[in-house]
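Accompanying notes for the structure given below.
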Amino acid sequence: MQAHILGFPRIGAARELKFALESYWAGKSDRAALEQTGRDLRARHWAQQQAAGLDFVTVGDFAFYDQVLNTSALFGAIPARFRDHGHTVGTSKEVDLDTLFLMARGRTPCGCDAPAAEMTKWFDTNYHYLVPELTVDQAFALSSQRLFDEVREAQALGHSVKAVLLGPVSYLWLSKAYGEDFDRLSLLDRLLPIYVEIINRLADLGVSWLQIDEPILSLDLPLAWQAAIESAFNRLQTRRINLLLATYFAPLADNLWLATRLPVAGLHIDVTRSGDEWRQVLDNLSEYKVLSLGLIDARNIWRADLARLSEIARTAHDRLGDRLWIASSASLQHVPVDLAGETELAPGTRQWLAFAVQKLSEVALLKRAVLEPQAAEVIAALNAASEALQDRADTAWRVNPAVSQRIATLTPQDAERVPFALRAPLQQRKLNLPLLPTTTIGSFPQTAEIRHARAAYKAGHLGASEYAHAMRAFIAESVQVQEDLGLDVLVHGEPERNDMVEYFGELLDGFLFTRNGWVQSYGSRCVKPPIIAGDVSRPEAMTVAWAKFAQSLTKRPMKGMLTGPVTILCWSFLRDDVSRETIAQQIALAIRDEVCDLEKAGISIIQIDEPAFREGLPLRKSAQADYWRWAVNAFRLSASGVRDETQIHTHMCYSEFNDCIAQIAAMDADVITIETARSAMELLTVFNEFEYPNAIGPGVYDIHSPRVPQADAMAHLLSEALKRIPAERLWVNPDCGLKTRGWPEVKAALAEMVSATQRMRAELLVEA
Ligand code: GLN
Ligand code: ZN
């Protein structure tokens, strides 16, 4: 019986990898220093796995940028535009680190550049991977020694190694066909020999287990892809190494039969996300096979209920004996590294939590709970975990009876407004906006001064009134800029917000915050999700004073700016004792009260941002309708407390929206501003089939590029938009908030946007 994890966060407890990468990219340190940081982190993380009592260390989970990108390097799947920069060196054809950075970031420290590869979300997580670009004539060749070097590195440190590699069919599924369109599965025959080569190399190194991840087994797969998995693993059958097929994030459902009968030495399943399915897996597993039960939650930060989980482990052990393995549910890369770094947690809450390092011990402990249930240490650990759980359940501040009472008395009317067709004329009478109103998404450049003022205030070096004074100055400055540009609907610019979720979390009750709870989002970027630990409620108004001040500076309408309930939910770690639906309702009510307070304070347009609206969608289709029901309802609940003449906006970005336009329409916002410019208004094609009923502002320029867009290009996009959206319902705005840009480019870009709008208005007048 073995205890192991599927992978460990590589970023480092103090984000060492982030700082080493950024220093290398900035040319401030050399390659040797970066490689040394990588070696140090791997050595530390392996030592932690060993010290915790795991039977293997996992090797192959480290990446300087991204594990899928590493896999592409391993296979030599490097698109032409990234080769020939002199970074793919020598006859060994080893893919160099700078080539990976070129693919990920579009540039290298030495000045090479090329359009970066596309990045997208890893299943239903907040981690982004680099999408492999494959062509119809794609060739593969083993092109990186890193995996083997790391295996040797771990062995030299005296560890017993299990290697990990993304599986061939998931790799193809996650890739994109470039150039001529073709069936990506046609590349499988060319890819499998590389896997055979890797397996042989690992076996030569004395590695006995290779974990092959096929996370797509948790998706609803087309038949051809199911068949491809079957044929791939039949062909990978080997006596040279033991293959552990790993699945995670959702139930196997109709892939269960397939997954259990593949000719591999072991199967890993995610017990935290698949209810009782483990029992069915037990019934279907072949006699010789190992079953790795992913019992410790790799997607959340709560300390495990070891007593309950050890029951599952014992039941499985009765059937399997030593063929049972205990594991984390998935790679731990989705949780923060170490609770030891948390010095300022709310009193009494530390014992409720477990980060990656703590989860290593939980995995090891579950194994001991099966093998030595009577050991004093085991009994003590199980009891301590149960007591912590009980303590969390009993903690008074987590429970707010007023919140549950309010939810119990909600009626469908609370999430209804009168039809858009009736609201719209009332809003127009009140707002008196020109045709094609111009606006922005909310934030303006977060300058060094703004960040310094916020940091000084947080650290206690700046008093509350000085801070407010400084923020008001920033607001006044951005209002002046917007008036000068001639924008129609203004924003206050969000100088007081560090992050659109953390800002509200800190003002709401029910949240916990970490100091160092960083999770890698992509490359060197990390996020620090707040923890929703109890009932969410709003002790007092959160944004009204800033909004009121901003409105006092202008006669034009000032948009109130809030983050929506679904986005706050998606970007937080969630409590595990109530449903996501309930949490969403609680946040929605808090936001609803803020919306109503803004209205009372004289704000007549309120934007409720929902960039993460699509992200919360479950992987399995069977669970999706229920998600849409409660997610749409939560948004409507937050938005429907206002009078008919108050205009509600929402904003969405960087997601696939074409497949959920009906649900977006069901949110019934008066206006949606939505990202489109990056894909040259690809979104608009959906309006050929679906008539979006309310007003919409498809972003006319990509704020992620430092290039100043030209009025001509924007006018062209607007005329394309006008073919599908009537002028009375079309707004003009950038793709997203402007906080990452500098003022000069923002002013220049918005001036072009206003001029494009004026040109379009003139054309519309001529036509009329
Ligand atoms: N209002 C936010 C901003 O402008 C929206 C951010 C987002 O869409 N992610 O920054
Ligand atoms: Zn956005």
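Simple scheme: letters A, B, ... for chains in structure tokens order, numbers from 1 for residues in each chain, numbers from 1 for ligands in the order shown.
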Based on DSSP run over this structure's backbone, return all residues of range 200-240 of chain A in helix (DSSP H, G or I), as a PDB file with N, CA, C and O atoms, in the first residue's frame.
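Contents of out_27.pdb, as written:
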ATOM      1  N   ASN A 200      10.586   3.900 -21.977  1.00  0.00           N
ATOM      2  CA  ASN A 200      11.829   3.128 -21.963  1.00  0.00           C
ATOM      3  C   ASN A 200      12.962   3.875 -21.262  1.00  0.00           C
ATOM      4  O   ASN A 200      13.718   3.297 -20.497  1.00  0.00           O
ATOM      5  N   ARG A 201      13.025   5.169 -21.534  1.00  0.00           N
ATOM      6  CA  ARG A 201      14.069   5.960 -20.879  1.00  0.00           C
ATOM      7  C   ARG A 201      13.891   5.958 -19.360  1.00  0.00           C
ATOM      8  O   ARG A 201      14.843   5.831 -18.606  1.00  0.00           O
ATOM      9  N   LEU A 202      12.617   6.118 -18.928  1.00  0.00           N
ATOM     10  CA  LEU A 202      12.348   6.141 -17.482  1.00  0.00           C
ATOM     11  C   LEU A 202      12.654   4.776 -16.866  1.00  0.00           C
ATOM     12  O   LEU A 202      13.227   4.677 -15.781  1.00  0.00           O
ATOM     13  N   ALA A 203      12.283   3.722 -17.593  1.00  0.00           N
ATOM     14  CA  ALA A 203      12.550   2.376 -17.087  1.00  0.00           C
ATOM     15  C   ALA A 203      14.060   2.165 -16.962  1.00  0.00           C
ATOM     16  O   ALA A 203      14.545   1.610 -15.974  1.00  0.00           O
ATOM     17  N   ASP A 204      14.809   2.649 -17.967  1.00  0.00           N
ATOM     18  CA  ASP A 204      16.274   2.532 -17.896  1.00  0.00           C
ATOM     19  C   ASP A 204      16.830   3.236 -16.658  1.00  0.00           C
ATOM     20  O   ASP A 204      17.852   2.841 -16.109  1.00  0.00           O
ATOM     21  N   PRO A 215      -6.958  13.598 -17.718  1.00  0.00           N
ATOM     22  CA  PRO A 215      -8.079  14.284 -17.064  1.00  0.00           C
ATOM     23  C   PRO A 215      -9.321  14.398 -17.941  1.00  0.00           C
ATOM     24  O   PRO A 215     -10.405  14.628 -17.420  1.00  0.00           O
ATOM     25  N   ILE A 216      -9.171  14.198 -19.248  1.00  0.00           N
ATOM     26  CA  ILE A 216     -10.379  14.314 -20.087  1.00  0.00           C
ATOM     27  C   ILE A 216     -11.367  13.181 -19.804  1.00  0.00           C
ATOM     28  O   ILE A 216     -12.509  13.245 -20.237  1.00  0.00           O
ATOM     29  N   LEU A 217     -10.942  12.183 -19.048  1.00  0.00           N
ATOM     30  CA  LEU A 217     -11.908  11.142 -18.664  1.00  0.00           C
ATOM     31  C   LEU A 217     -12.996  11.700 -17.745  1.00  0.00           C
ATOM     32  O   LEU A 217     -13.981  11.025 -17.469  1.00  0.00           O
ATOM     33  N   SER A 218     -12.825  12.924 -17.268  1.00  0.00           N
ATOM     34  CA  SER A 218     -13.901  13.515 -16.476  1.00  0.00           C
ATOM     35  C   SER A 218     -14.800  14.423 -17.335  1.00  0.00           C
ATOM     36  O   SER A 218     -15.601  15.179 -16.813  1.00  0.00           O
ATOM     37  N   LEU A 223     -17.427   9.633 -28.947  1.00  0.00           N
ATOM     38  CA  LEU A 223     -17.022   8.219 -29.069  1.00  0.00           C
ATOM     39  C   LEU A 223     -15.602   8.044 -29.598  1.00  0.00           C
ATOM     40  O   LEU A 223     -14.842   7.207 -29.114  1.00  0.00           O
ATOM     41  N   ALA A 224     -15.260   8.833 -30.595  1.00  0.00           N
ATOM     42  CA  ALA A 224     -13.943   8.677 -31.214  1.00  0.00           C
ATOM     43  C   ALA A 224     -12.830   8.906 -30.193  1.00  0.00           C
ATOM     44  O   ALA A 224     -11.777   8.262 -30.258  1.00  0.00           O
ATOM     45  N   TRP A 225     -13.064   9.813 -29.258  1.00  0.00           N
ATOM     46  CA  TRP A 225     -12.031  10.111 -28.260  1.00  0.00           C
ATOM     47  C   TRP A 225     -11.973   9.014 -27.212  1.00  0.00           C
ATOM     48  O   TRP A 225     -10.900   8.671 -26.714  1.00  0.00           O
ATOM     49  N   GLN A 226     -13.122   8.465 -26.876  1.00  0.00           N
ATOM     50  CA  GLN A 226     -13.107   7.311 -25.958  1.00  0.00           C
ATOM     51  C   GLN A 226     -12.337   6.161 -26.599  1.00  0.00           C
ATOM     52  O   GLN A 226     -11.488   5.525 -25.960  1.00  0.00           O
ATOM     53  N   ALA A 227     -12.625   5.943 -27.860  1.00  0.00           N
ATOM     54  CA  ALA A 227     -11.946   4.853 -28.566  1.00  0.00           C
ATOM     55  C   ALA A 227     -10.447   5.110 -28.641  1.00  0.00           C
ATOM     56  O   ALA A 227      -9.627   4.194 -28.523  1.00  0.00           O
ATOM     57  N   ALA A 228     -10.072   6.379 -28.786  1.00  0.00           N
ATOM     58  CA  ALA A 228      -8.647   6.719 -28.876  1.00  0.00           C
ATOM     59  C   ALA A 228      -7.939   6.392 -27.563  1.00  0.00           C
ATOM     60  O   ALA A 228      -6.790   5.936 -27.568  1.00  0.00           O
ATOM     61  N   ILE A 229      -8.615   6.636 -26.450  1.00  0.00           N
ATOM     62  CA  ILE A 229      -7.993   6.313 -25.157  1.00  0.00           C
ATOM     63  C   ILE A 229      -7.773   4.816 -25.070  1.00  0.00           C
ATOM     64  O   ILE A 229      -6.697   4.335 -24.678  1.00  0.00           O
ATOM     65  N   GLU A 230      -8.766   4.079 -25.467  1.00  0.00           N
ATOM     66  CA  GLU A 230      -8.645   2.627 -25.415  1.00  0.00           C
ATOM     67  C   GLU A 230      -7.482   2.156 -26.292  1.00  0.00           C
ATOM     68  O   GLU A 230      -6.618   1.385 -25.844  1.00  0.00           O
ATOM     69  N   SER A 231      -7.424   2.646 -27.497  1.00  0.00           N
ATOM     70  CA  SER A 231      -6.377   2.148 -28.391  1.00  0.00           C
ATOM     71  C   SER A 231      -4.998   2.643 -27.945  1.00  0.00           C
ATOM     72  O   SER A 231      -4.013   1.903 -28.003  1.00  0.00           O
ATOM     73  N   ALA A 232      -4.935   3.875 -27.437  1.00  0.00           N
ATOM     74  CA  ALA A 232      -3.633   4.389 -26.984  1.00  0.00           C
ATOM     75  C   ALA A 232      -3.080   3.522 -25.864  1.00  0.00           C
ATOM     76  O   ALA A 232      -1.906   3.121 -25.890  1.00  0.00           O
ATOM     77  N   PHE A 233      -3.899   3.217 -24.873  1.00  0.00           N
ATOM     78  CA  PHE A 233      -3.358   2.466 -23.738  1.00  0.00           C
ATOM     79  C   PHE A 233      -3.120   0.997 -24.079  1.00  0.00           C
ATOM     80  O   PHE A 233      -2.255   0.358 -23.484  1.00  0.00           O
ATOM     81  N   ASN A 234      -3.863   0.503 -25.041  1.00  0.00           N
ATOM     82  CA  ASN A 234      -3.532  -0.844 -25.508  1.00  0.00           C
ATOM     83  C   ASN A 234      -2.142  -0.862 -26.120  1.00  0.00           C
ATOM     84  O   ASN A 234      -1.357  -1.777 -25.913  1.00  0.00           O
ATOM     85  N   ARG A 235      -1.852   0.193 -26.845  1.00  0.00           N
ATOM     86  CA  ARG A 235      -0.553   0.209 -27.514  1.00  0.00           C
ATOM     87  C   ARG A 235       0.591   0.587 -26.580  1.00  0.00           C
ATOM     88  O   ARG A 235       1.747   0.294 -26.877  1.00  0.00           O
ATOM     89  N   LEU A 236       0.247   1.238 -25.469  1.00  0.00           N
ATOM     90  CA  LEU A 236       1.307   1.606 -24.515  1.00  0.00           C
ATOM     91  C   LEU A 236       1.586   0.496 -23.504  1.00  0.00           C
ATOM     92  O   LEU A 236       2.489   0.618 -22.680  1.00  0.00           O
TER      93      LEU A 236
END
**Within 8 Å of ligand 2, counting only C-alpha atoms and all ligand atoms, residues as a list in words** =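 Based on only C-alpha atoms and all ligand atoms, ligand 2 is surrounded within 8 Å by Ile441, Asp609, Pro611, His651, Met652, Cys653, Tyr654, Ile674, Glu675, Asp735, Cys736 and Gly737 of chain A.
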With N, CA, C and O atoms retained, could you export that selection as a short mmCIF file (atom, residue, chain, number, x, y, z; two decimals), in the first residue's frame?
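Output contents, as saved in result-v4.cif:
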data_model
loop_
_atom_site.label_atom_id
_atom_site.label_comp_id
_atom_site.auth_asym_id
_atom_site.auth_seq_id
_atom_site.Cartn_x
_atom_site.Cartn_y
_atom_site.Cartn_z
N ILE A 441 -14.85 50.36 -18.79
CA ILE A 441 -15.28 49.19 -18.01
C ILE A 441 -15.15 49.40 -16.51
O ILE A 441 -15.70 48.65 -15.71
N ASP A 609 -20.07 43.53 -12.28
CA ASP A 609 -19.15 42.77 -13.13
C ASP A 609 -19.29 41.27 -12.90
O ASP A 609 -19.29 40.82 -11.76
N PRO A 611 -17.07 38.77 -14.78
CA PRO A 611 -16.14 38.16 -15.73
C PRO A 611 -16.02 36.64 -15.55
O PRO A 611 -15.66 35.95 -16.49
N HIS A 651 -20.52 43.19 -17.01
CA HIS A 651 -19.35 43.10 -17.89
C HIS A 651 -18.78 41.69 -17.82
O HIS A 651 -18.72 41.08 -16.76
N MET A 652 -18.37 41.18 -18.97
CA MET A 652 -17.74 39.85 -19.03
C MET A 652 -16.55 39.87 -19.96
O MET A 652 -16.55 40.60 -20.95
N CYS A 653 -15.56 39.04 -19.66
CA CYS A 653 -14.38 39.03 -20.52
C CYS A 653 -13.65 37.70 -20.48
O CYS A 653 -13.84 36.91 -19.57
N TYR A 654 -12.82 37.50 -21.47
CA TYR A 654 -11.86 36.40 -21.54
C TYR A 654 -12.45 35.05 -21.20
O TYR A 654 -12.00 34.35 -20.31
N ILE A 674 -18.86 43.59 -23.23
CA ILE A 674 -18.31 42.23 -23.34
C ILE A 674 -17.09 42.21 -24.24
O ILE A 674 -17.02 42.94 -25.24
N GLU A 675 -16.12 41.39 -23.86
CA GLU A 675 -14.87 41.29 -24.61
C GLU A 675 -15.13 40.67 -25.98
O GLU A 675 -15.82 39.68 -26.10
N ASP A 735 -12.51 46.59 -24.29
CA ASP A 735 -12.76 45.21 -23.91
C ASP A 735 -12.87 44.95 -22.42
O ASP A 735 -13.51 44.02 -21.98
N CYS A 736 -12.11 45.70 -21.64
CA CYS A 736 -11.97 45.38 -20.22
C CYS A 736 -11.46 46.63 -19.50
O CYS A 736 -11.26 47.67 -20.13
N GLY A 737 -11.24 46.50 -18.20
CA GLY A 737 -10.75 47.62 -17.40
C GLY A 737 -9.35 48.04 -17.83
O GLY A 737 -8.60 47.26 -18.42
#
Give me the residues of chain A that have any atom at most 10 Å from an atom of ligand 1; for each, the nearest atom pair and the distance in Å, rounded to one decimal. Use only C-alpha atoms and all ligand atoms, sort by chain and number, and format it as JSON lines.
{"residue": "A:Thr440", "atom": "CA", "partner": "ligand 1", "partner_atom_place_in_ligand_line": "4 (O)", "distance": 7.6}
{"residue": "A:Ile441", "atom": "CA", "partner": "ligand 1", "partner_atom_place_in_ligand_line": "4 (O)", "distance": 4.5}
{"residue": "A:Gly442", "atom": "CA", "partner": "ligand 1", "partner_atom_place_in_ligand_line": "4 (O)", "distance": 3.6}
{"residue": "A:Ser443", "atom": "CA", "partner": "ligand 1", "partner_atom_place_in_ligand_line": "4 (O)", "distance": 3.8}
{"residue": "A:Phe444", "atom": "CA", "partner": "ligand 1", "partner_atom_place_in_ligand_line": "4 (O)", "distance": 7.2}
{"residue": "A:Pro445", "atom": "CA", "partner": "ligand 1", "partner_atom_place_in_ligand_line": "10 (O)", "distance": 9.4}
{"residue": "A:Gln446", "atom": "CA", "partner": "ligand 1", "partner_atom_place_in_ligand_line": "10 (O)", "distance": 9.9}
{"residue": "A:Val491", "atom": "CA", "partner": "ligand 1", "partner_atom_place_in_ligand_line": "4 (O)", "distance": 9.1}
{"residue": "A:Gly493", "atom": "CA", "partner": "ligand 1", "partner_atom_place_in_ligand_line": "4 (O)", "distance": 7.6}
{"residue": "A:Glu494", "atom": "CA", "partner": "ligand 1", "partner_atom_place_in_ligand_line": "10 (O)", "distance": 7.4}
{"residue": "A:Pro495", "atom": "CA", "partner": "ligand 1", "partner_atom_place_in_ligand_line": "10 (O)", "distance": 9.9}
{"residue": "A:Arg497", "atom": "CA", "partner": "ligand 1", "partner_atom_place_in_ligand_line": "10 (O)", "distance": 9.0}
{"residue": "A:Asn498", "atom": "CA", "partner": "ligand 1", "partner_atom_place_in_ligand_line": "10 (O)", "distance": 9.8}
{"residue": "A:Asp499", "atom": "CA", "partner": "ligand 1", "partner_atom_place_in_ligand_line": "10 (O)", "distance": 8.3}
{"residue": "A:Met500", "atom": "CA", "partner": "ligand 1", "partner_atom_place_in_ligand_line": "2 (C)", "distance": 6.6}
{"residue": "A:Val501", "atom": "CA", "partner": "ligand 1", "partner_atom_place_in_ligand_line": "9 (N)", "distance": 9.6}
{"residue": "A:Gly560", "atom": "CA", "partner": "ligand 1", "partner_atom_place_in_ligand_line": "1 (N)", "distance": 9.8}
{"residue": "A:Met561", "atom": "CA", "partner": "ligand 1", "partner_atom_place_in_ligand_line": "1 (N)", "distance": 6.4}
{"residue": "A:Leu562", "atom": "CA", "partner": "ligand 1", "partner_atom_place_in_ligand_line": "1 (N)", "distance": 7.3}
{"residue": "A:Thr563", "atom": "CA", "partner": "ligand 1", "partner_atom_place_in_ligand_line": "1 (N)", "distance": 7.4}
{"residue": "A:Thr567", "atom": "CA", "partner": "ligand 1", "partner_atom_place_in_ligand_line": "9 (N)", "distance": 9.3}
{"residue": "A:Gln607", "atom": "CA", "partner": "ligand 1", "partner_atom_place_in_ligand_line": "1 (N)", "distance": 8.0}
{"residue": "A:Ile608", "atom": "CA", "partner": "ligand 1", "partner_atom_place_in_ligand_line": "1 (N)", "distance": 8.2}
{"residue": "A:Asp609", "atom": "CA", "partner": "ligand 1", "partner_atom_place_in_ligand_line": "5 (C)", "distance": 6.0}
{"residue": "A:Glu610", "atom": "CA", "partner": "ligand 1", "partner_atom_place_in_ligand_line": "8 (O)", "distance": 7.1}
{"residue": "A:Pro611", "atom": "CA", "partner": "ligand 1", "partner_atom_place_in_ligand_line": "8 (O)", "distance": 5.1}
{"residue": "A:Ala612", "atom": "CA", "partner": "ligand 1", "partner_atom_place_in_ligand_line": "9 (N)", "distance": 8.1}
{"residue": "A:Thr650", "atom": "CA", "partner": "ligand 1", "partner_atom_place_in_ligand_line": "1 (N)", "distance": 9.2}
{"residue": "A:His651", "atom": "CA", "partner": "ligand 1", "partner_atom_place_in_ligand_line": "8 (O)", "distance": 6.3}
{"residue": "A:Met652", "atom": "CA", "partner": "ligand 1", "partner_atom_place_in_ligand_line": "8 (O)", "distance": 5.9}
{"residue": "A:Cys653", "atom": "CA", "partner": "ligand 1", "partner_atom_place_in_ligand_line": "8 (O)", "distance": 5.8}
{"residue": "A:Tyr654", "atom": "CA", "partner": "ligand 1", "partner_atom_place_in_ligand_line": "8 (O)", "distance": 8.4}
{"residue": "A:Thr673", "atom": "CA", "partner": "ligand 1", "partner_atom_place_in_ligand_line": "8 (O)", "distance": 9.5}
{"residue": "A:Ile674", "atom": "CA", "partner": "ligand 1", "partner_atom_place_in_ligand_line": "8 (O)", "distance": 8.9}
{"residue": "A:Glu675", "atom": "CA", "partner": "ligand 1", "partner_atom_place_in_ligand_line": "8 (O)", "distance": 8.9}
{"residue": "A:Pro734", "atom": "CA", "partner": "ligand 1", "partner_atom_place_in_ligand_line": "4 (O)", "distance": 9.9}
{"residue": "A:Asp735", "atom": "CA", "partner": "ligand 1", "partner_atom_place_in_ligand_line": "8 (O)", "distance": 8.5}
{"residue": "A:Cys736", "atom": "CA", "partner": "ligand 1", "partner_atom_place_in_ligand_line": "8 (O)", "distance": 5.4}
{"residue": "A:Gly737", "atom": "CA", "partner": "ligand 1", "partner_atom_place_in_ligand_line": "4 (O)", "distance": 3.1}
{"residue": "A:Leu738", "atom": "CA", "partner": "ligand 1", "partner_atom_place_in_ligand_line": "4 (O)", "distance": 6.1}
{"residue": "A:Lys739", "atom": "CA", "partner": "ligand 1", "partner_atom_place_in_ligand_line": "10 (O)", "distance": 6.0}
{"residue": "A:Thr740", "atom": "CA", "partner": "ligand 1", "partner_atom_place_in_ligand_line": "10 (O)", "distance": 8.7}
**Item:** Nearby residues (only C-alpha atoms) at most 12 Å from Glu540 in chain A, same-chain spacing under 4 positions excluded, as number ranges by chain
**Value:** A: 504, 506-509, 544-545, 590-591, 593-594, 597
Write the selection just made, keeping C-alpha atoms, as a CSV table (one decimal), in the first residue's frame?
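Generated file (result-v3.csv):
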chain,number,residue,atom,x,y,z
A,504,PHE,CA,-15.4,43.3,-1.5
A,506,GLU,CA,-12.6,42.5,3.0
A,507,LEU,CA,-15.8,44.6,3.5
A,508,LEU,CA,-18.2,41.7,3.8
A,509,ASP,CA,-18.7,39.4,6.8
A,544,VAL,CA,-21.4,54.5,-1.9
A,545,ALA,CA,-19.1,57.3,-0.6
A,590,ALA,CA,-25.3,41.6,0.0
A,591,ILE,CA,-24.6,43.1,-3.5
A,593,ASP,CA,-28.3,45.9,-0.8
A,594,GLU,CA,-25.3,47.8,-2.1
A,597,ASP,CA,-27.9,52.1,-1.6
**Request:** Compile the contact shell of Ala396 in chain A as a PyMOL selection string: residues with an atom at most 12 Å away, counting only C-alpha atoms, same-chain residues fewer than 6 positions apart removed.
**Result:** chain A and resi 348+390+510+533-535
**Message:** Neighbouring residues of Ala250 in chain A were defined as those with any atom within 7 Å, considering only C-alpha atoms; residues of the same chain fewer than 2 positions away were excluded. Please report them as a PyMOL selection string.
**Reply:** chain A and resi 218+248+252+273-274+619
Writing out the chosen residues with N, CA, C and O atoms as an mmCIF file, in the first residue's frame:
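Below is the file that was written, result_0.cif:
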data_model
loop_
_atom_site.group_PDB
_atom_site.id
_atom_site.type_symbol
_atom_site.label_atom_id
_atom_site.label_comp_id
_atom_site.auth_asym_id
_atom_site.auth_seq_id
_atom_site.Cartn_x
_atom_site.Cartn_y
_atom_site.Cartn_z
ATOM 1 N N SER A 218 -12.825 12.924 -17.268
ATOM 2 C CA SER A 218 -13.901 13.515 -16.476
ATOM 3 C C SER A 218 -14.800 14.423 -17.335
ATOM 4 O O SER A 218 -15.601 15.179 -16.813
ATOM 5 N N TYR A 248 -9.182 13.068 -12.755
ATOM 6 C CA TYR A 248 -9.573 13.948 -11.647
ATOM 7 C C TYR A 248 -10.539 15.030 -12.089
ATOM 8 O O TYR A 248 -10.774 15.211 -13.270
ATOM 9 N N LEU A 252 -16.249 9.848 -13.283
ATOM 10 C CA LEU A 252 -15.946 9.177 -14.549
ATOM 11 C C LEU A 252 -17.213 8.957 -15.360
ATOM 12 O O LEU A 252 -17.190 8.928 -16.590
ATOM 13 N N ARG A 273 -14.716 14.519 -5.818
ATOM 14 C CA ARG A 273 -15.627 15.109 -6.803
ATOM 15 C C ARG A 273 -16.538 14.080 -7.456
ATOM 16 O O ARG A 273 -17.109 14.344 -8.511
ATOM 17 N N SER A 274 -16.602 12.869 -6.891
ATOM 18 C CA SER A 274 -17.387 11.862 -7.604
ATOM 19 C C SER A 274 -18.273 11.036 -6.679
ATOM 20 O O SER A 274 -18.617 9.904 -7.000
ATOM 21 N N LEU A 619 -17.944 20.596 -15.278
ATOM 22 C CA LEU A 619 -17.374 19.921 -16.443
ATOM 23 C C LEU A 619 -18.378 18.978 -17.100
ATOM 24 O O LEU A 619 -18.388 18.829 -18.319
#
**Request:** Would you kindly return, as a VMD selection string, each protein, DNA or RNA residue with an atom no farther than 12 Å from any atom of Leu637 in chain A, considering only C-alpha atoms and excluding same-chain residues fewer than 4 positions away?
**Result:** chain A and resid 407 410 to 417 564 to 566 584 to 593 595 to 596 608 630 to 633 641 to 642 667 to 669
**Per-residue DSSP, range 272-515 of chain A, filtered to strand (DSSP E), as a ChimeraX atom specification** = /A:290-296,324-328,509-512
